[in-house]
file input24.cif (mmCIF, C-alpha atoms and all ligand atoms)
data_run
#
loop_
_atom_site.label_atom_id
_atom_site.label_comp_id
_atom_site.auth_asym_id
_atom_site.auth_seq_id
_atom_site.Cartn_x
_atom_site.Cartn_y
_atom_site.Cartn_z
CA MET A 16 91.45 90.92 77.14
CA SER A 17 87.90 91.51 78.36
CA ALA A 18 86.97 93.41 81.48
CA LEU A 19 86.14 90.12 83.21
CA ASP A 20 89.63 88.80 82.51
CA ASN A 21 91.02 91.90 84.19
CA THR A 22 89.32 91.39 87.54
CA ASN A 23 92.16 89.34 89.00
CA THR A 24 94.89 91.81 88.14
CA PHE A 25 93.21 95.15 87.58
CA GLU A 26 93.39 97.48 90.56
CA PRO A 27 91.18 100.50 89.93
CA VAL A 28 92.02 103.98 91.11
CA ILE A 29 89.08 105.53 92.90
CA ILE A 30 88.97 109.18 93.92
CA GLY A 31 86.79 109.71 96.96
CA PHE A 32 85.48 113.19 97.70
CA THR A 33 84.42 113.25 101.34
CA CYS A 34 82.77 116.02 103.31
CA ASN A 35 84.64 117.28 106.33
CA TRP A 36 81.91 116.74 108.87
CA CYS A 37 80.62 113.23 108.30
CA SER A 38 82.07 111.00 105.62
CA TYR A 39 85.69 112.05 106.11
CA ARG A 40 85.28 111.34 109.82
CA ALA A 41 83.70 108.00 108.94
CA ALA A 42 86.82 107.18 106.92
CA ASP A 43 88.93 108.31 109.85
CA LEU A 44 86.92 106.14 112.21
CA ALA A 45 87.36 103.16 109.90
CA GLY A 46 91.10 103.74 110.05
CA THR A 47 91.33 104.18 113.81
CA SER A 48 89.05 101.18 114.30
CA ARG A 49 91.35 99.14 112.06
CA ILE A 50 88.51 98.28 109.72
CA LYS A 51 90.11 97.11 106.52
CA TYR A 52 89.06 98.39 103.15
CA PRO A 53 90.76 98.25 99.75
CA PRO A 54 93.63 100.72 99.35
CA ASN A 55 92.40 101.73 95.90
CA VAL A 56 90.70 104.88 97.10
CA ARG A 57 92.41 108.28 97.38
CA LEU A 58 90.38 110.54 99.62
CA ILE A 59 90.03 114.26 99.03
CA ARG A 60 88.38 116.20 101.84
CA VAL A 61 86.07 119.06 101.00
CA MET A 62 83.94 121.01 103.44
CA CYS A 63 80.65 119.69 102.09
CA SER A 64 79.43 117.37 99.33
CA GLY A 65 77.69 120.43 97.88
CA ARG A 66 81.17 121.84 97.18
CA ILE A 67 81.89 119.09 94.68
CA ASP A 68 81.56 120.68 91.32
CA PRO A 69 80.80 118.19 88.54
CA THR A 70 83.98 119.35 86.82
CA PHE A 71 85.97 117.88 89.76
CA VAL A 72 84.53 114.48 88.91
CA LEU A 73 85.14 114.85 85.18
CA LYS A 74 88.72 116.01 85.81
CA ALA A 75 89.40 113.04 88.07
CA LEU A 76 88.10 110.63 85.42
CA SER A 77 89.89 112.32 82.55
CA ASP A 78 93.14 112.38 84.54
CA GLY A 79 93.17 108.64 85.12
CA ALA A 80 90.71 107.66 87.83
CA ASP A 81 88.56 104.61 87.07
CA GLY A 82 85.81 105.76 89.38
CA VAL A 83 84.78 108.56 91.70
CA MET A 84 82.98 108.31 95.01
CA ILE A 85 81.11 111.28 96.41
CA ALA A 86 80.39 110.92 100.10
CA GLY A 87 78.48 113.28 102.33
CA CYS A 88 76.28 113.55 105.38
CA HIS A 89 72.94 111.80 105.35
CA PRO A 90 70.06 113.80 103.86
CA GLY A 91 68.79 116.21 106.48
CA GLU A 92 72.13 116.20 108.34
CA CYS A 93 74.26 118.43 106.12
CA HIS A 94 76.12 121.04 108.16
CA TYR A 95 75.34 123.55 105.45
CA LEU A 96 71.60 122.88 105.53
CA GLU A 97 70.64 121.35 102.17
CA GLN A 98 73.86 121.25 100.18
CA ASN A 99 73.91 117.47 100.04
CA TYR A 100 70.63 117.60 98.13
CA LYS A 101 72.53 119.67 95.58
CA ALA A 102 75.14 116.91 95.49
CA LEU A 103 72.36 114.39 94.93
CA ARG A 104 70.97 116.34 91.97
CA ARG A 105 74.41 116.82 90.47
CA HIS A 106 75.16 113.12 90.84
CA ARG A 107 72.02 112.17 88.92
CA LEU A 108 72.89 114.62 86.16
CA LEU A 109 76.48 113.42 86.02
CA GLN A 110 75.41 109.81 85.65
CA LYS A 111 73.08 110.69 82.80
CA THR A 112 75.72 112.81 81.10
CA LEU A 113 78.42 110.16 81.44
CA ALA A 114 76.06 107.50 80.07
CA GLN A 115 75.65 109.64 76.93
CA PHE A 116 79.39 109.25 76.43
CA GLY A 117 79.31 105.50 76.99
CA ILE A 118 80.73 105.69 80.50
CA GLU A 119 79.08 103.38 82.98
CA PRO A 120 77.09 105.32 85.62
CA ALA A 121 78.41 102.94 88.32
CA ARG A 122 81.78 104.65 87.99
CA VAL A 123 80.40 107.62 89.90
CA ARG A 124 78.90 106.59 93.21
CA LEU A 125 77.12 108.73 95.76
CA THR A 126 76.99 107.56 99.34
CA TRP A 127 76.06 108.93 102.74
CA ALA A 128 77.93 108.17 105.91
CA SER A 129 77.77 109.77 109.35
CA ALA A 130 80.86 110.24 111.47
CA ALA A 131 79.89 107.11 113.41
CA GLU A 132 79.58 104.90 110.34
CA GLY A 133 83.16 103.86 109.72
CA ALA A 134 82.21 100.26 109.00
CA LEU A 135 79.52 101.33 106.54
CA PHE A 136 81.93 103.65 104.74
CA ALA A 137 84.54 100.90 104.49
CA GLN A 138 81.89 98.58 103.06
CA GLU A 139 80.83 101.19 100.50
CA ILE A 140 84.42 101.52 99.32
CA ALA A 141 84.85 97.75 99.08
CA THR A 142 81.62 97.45 97.10
CA MET A 143 82.60 100.21 94.71
CA VAL A 144 86.08 98.77 94.14
CA ASP A 145 84.50 95.39 93.32
CA GLU A 146 82.06 96.98 90.90
CA VAL A 147 84.71 99.00 89.10
CA LYS A 148 86.95 95.93 88.90
CA GLN A 149 84.13 94.19 87.06
CA LEU A 150 83.82 97.15 84.67
CA GLY A 151 87.54 97.20 83.94
CA PRO A 152 89.77 100.23 83.34
CA LEU A 153 88.12 103.42 82.20
CA ASN A 154 89.34 104.28 78.77
CA TRP A 155 88.48 107.95 78.80
CA PRO A 156 87.69 109.13 75.29
CA ALA A 157 90.62 110.78 73.55
CA ARG A 158 90.95 114.50 73.88
CA PRO A 159 89.22 116.50 71.16
CA VAL A 160 91.22 117.41 68.11
CA PRO A 161 92.42 121.02 68.24
CA VAL A 162 90.54 123.39 65.97
CA GLY A 163 92.22 123.72 62.58
CA SER A 164 94.02 120.37 62.61
CA VAL A 165 92.81 117.34 60.68
CA PRO A 166 93.80 113.94 62.03
CA ALA A 167 95.18 111.53 59.43
CA GLU A 168 92.65 108.78 60.22
CA ILE A 169 89.59 110.87 59.26
CA PRO A 170 88.93 110.42 55.52
CA VAL A 171 88.19 113.45 53.40
CA LEU A 172 84.65 113.69 52.04
CA SER A 173 85.62 112.63 48.49
CA GLU A 174 87.01 109.31 49.83
CA VAL A 175 83.70 108.35 51.43
CA GLY A 176 81.66 109.19 48.37
CA ALA A 177 80.03 112.31 49.77
S1 LIG D 1 78.50 119.05 105.44
FE1 LIG D 1 78.49 116.93 104.94
S2 LIG D 1 77.32 116.93 103.12
FE2 LIG D 1 77.25 119.00 103.71
#

call {"tool": "encode", "arguments": {"input": "input24.cif", "output": "structure tokens"}}
result
Amino acid sequence: MSALDNTNTFEPVIIGFTCNWCSYRAADLAGTSRIKYPPNVRLIRVMCSGRIDPTFVLKALSDGADGVMIAGCHPGECHYLEQNYKALRRHRLLQKTLAQFGIEPARVRLTWASAAEGALFAQEIATMVDEVKQLGPLNWPARPVPVGSVPAEIPVLSEVGA
């Protein structure tokens, strides 16, 4: 079944890291304003987008998420001065790194939302869910083989004529 065939039935799991001061409040505003957005996203509140270590994103993906959203205050409005610029740099690096492993960069999305932008935040979530549905489930590469063990499917050198 191709990824396109999955779009009708596949419901991606999206982990959304939101900063306490803006994007989490935007999500809250969307909720209190009864703005509908897909229920695929699980929000995790952190104090600032600069707190989001790239390993958080990799752990979410390796533990079963199909995509990760990083949401923070608009550039210039971070409550910890310039930490969202750090998030921006980390996001770019993450996308490049994931692409090296064959993982679509669209699976990690960075967005800005102020506390007053509930509708915008809801729209960002809806857009990301649609995009990840088109990509299909993330089949995270298998865990590395422990040192010292040889998996049966890897031929020994003599079998491949080396
Ligand atoms: S406090 Fe929101 S991004 Fe830093």

call {"tool": "residues_near_ligand", "arguments": {"input": "input24.cif", "ligand": "ligand LIG 1 (chain D)", "cutoff": "7 Å", "atoms": "only C-alpha atoms and all ligand atoms", "output": "list in words"}}
result
Cys34, Asn35, Trp36, Cys37, Ser38, Met62, Cys63, Ser64, Gly65, Gly87, Cys88, Cys93, His94, Tyr95, Gln98 and Asn99 of chain A

call {"tool": "atom_distance", "arguments": {"input": "input24.cif", "atom1": "atom CA of A:Asp145", "atom2": "atom CA of A:Ala41"}}
result
20.1 Å

call {"tool": "residues_near_point", "arguments": {"input": "input24.cif", "point": "(80.2, 108.6, 105.1)", "cutoff": "10 Å", "atoms": "all atoms listed in the file", "output": "PyMOL selection string"}}
result
chain A and resi 33-43+85-89+125-137+139

call {"tool": "residues_around", "arguments": {"input": "input24.cif", "residues": "A:Asn55", "least_positions_apart": "3", "cutoff": "7 Å", "atoms": "only C-alpha atoms", "output": "tab-separated table (two decimals) with C-alpha atoms, in the frame of the given file"}}
result
chain	number	residue	atom	x	y	z
A	26	GLU	CA	93.39	97.48	90.56
A	27	PRO	CA	91.18	100.50	89.93
A	28	VAL	CA	92.02	103.98	91.11
A	29	ILE	CA	89.08	105.53	92.90

call {"tool": "atom_distance", "arguments": {"input": "input24.cif", "atom1": "atom CA of A:Leu108", "atom2": "atom CA of A:Leu58"}}
result
22.4 Å

call {"tool": "closest_residue", "arguments": {"input": "input24.cif", "among": "A:Arg105, A:Pro152, A:Phe25, A:Ala121", "to": "A:Asp68", "atoms": "all atoms listed in the file"}}
result
A:Arg105

call {"tool": "atom_distance", "arguments": {"input": "input24.cif", "atom1": "atom CA of A:Gly82", "atom2": "atom CA of A:Gln110"}}
result
11.8 Å

call {"tool": "closest_residue", "arguments": {"input": "input24.cif", "among": "A:Ile30, A:Ala102, A:Ala141, A:Val83", "to": "A:Arg122", "atoms": "all atoms listed in the file"}}
result
A:Val83

call {"tool": "decode", "arguments": {"input": "input24.cif", "residues": "stretch 46-71 of chain A", "atoms": "C-alpha atoms", "output": "compact mmCIF listing (two decimals), in the first residue's frame"}}
result
# COMPACT_ATOMS: atom_id res chain seq x y z
CA GLY A 46 -9.43 25.35 22.72
CA THR A 47 -11.33 27.97 24.69
CA SER A 48 -12.45 29.62 21.45
CA ARG A 49 -13.73 26.25 20.24
CA ILE A 50 -11.57 26.39 17.14
CA LYS A 51 -11.40 22.87 15.83
CA TYR A 52 -8.16 21.24 14.85
CA PRO A 53 -7.24 17.59 14.27
CA PRO A 54 -6.83 15.57 17.47
CA ASN A 55 -3.63 13.98 16.16
CA VAL A 56 -1.35 16.29 18.09
CA ARG A 57 -0.11 15.63 21.64
CA LEU A 58 1.19 18.84 23.14
CA ILE A 59 4.16 18.97 25.48
CA ARG A 60 4.73 22.31 27.18
CA VAL A 61 8.26 23.52 27.73
CA MET A 62 9.29 26.92 29.04
CA CYS A 63 10.82 28.05 25.76
CA SER A 64 11.42 26.66 22.27
CA GLY A 65 15.13 27.05 23.03
CA ARG A 66 14.69 24.31 25.64
CA ILE A 67 13.88 21.75 22.96
CA ASP A 68 16.95 19.66 22.60
CA PRO A 69 17.21 17.93 19.22
CA THR A 70 17.32 14.62 21.07
CA PHE A 71 13.72 15.29 22.24
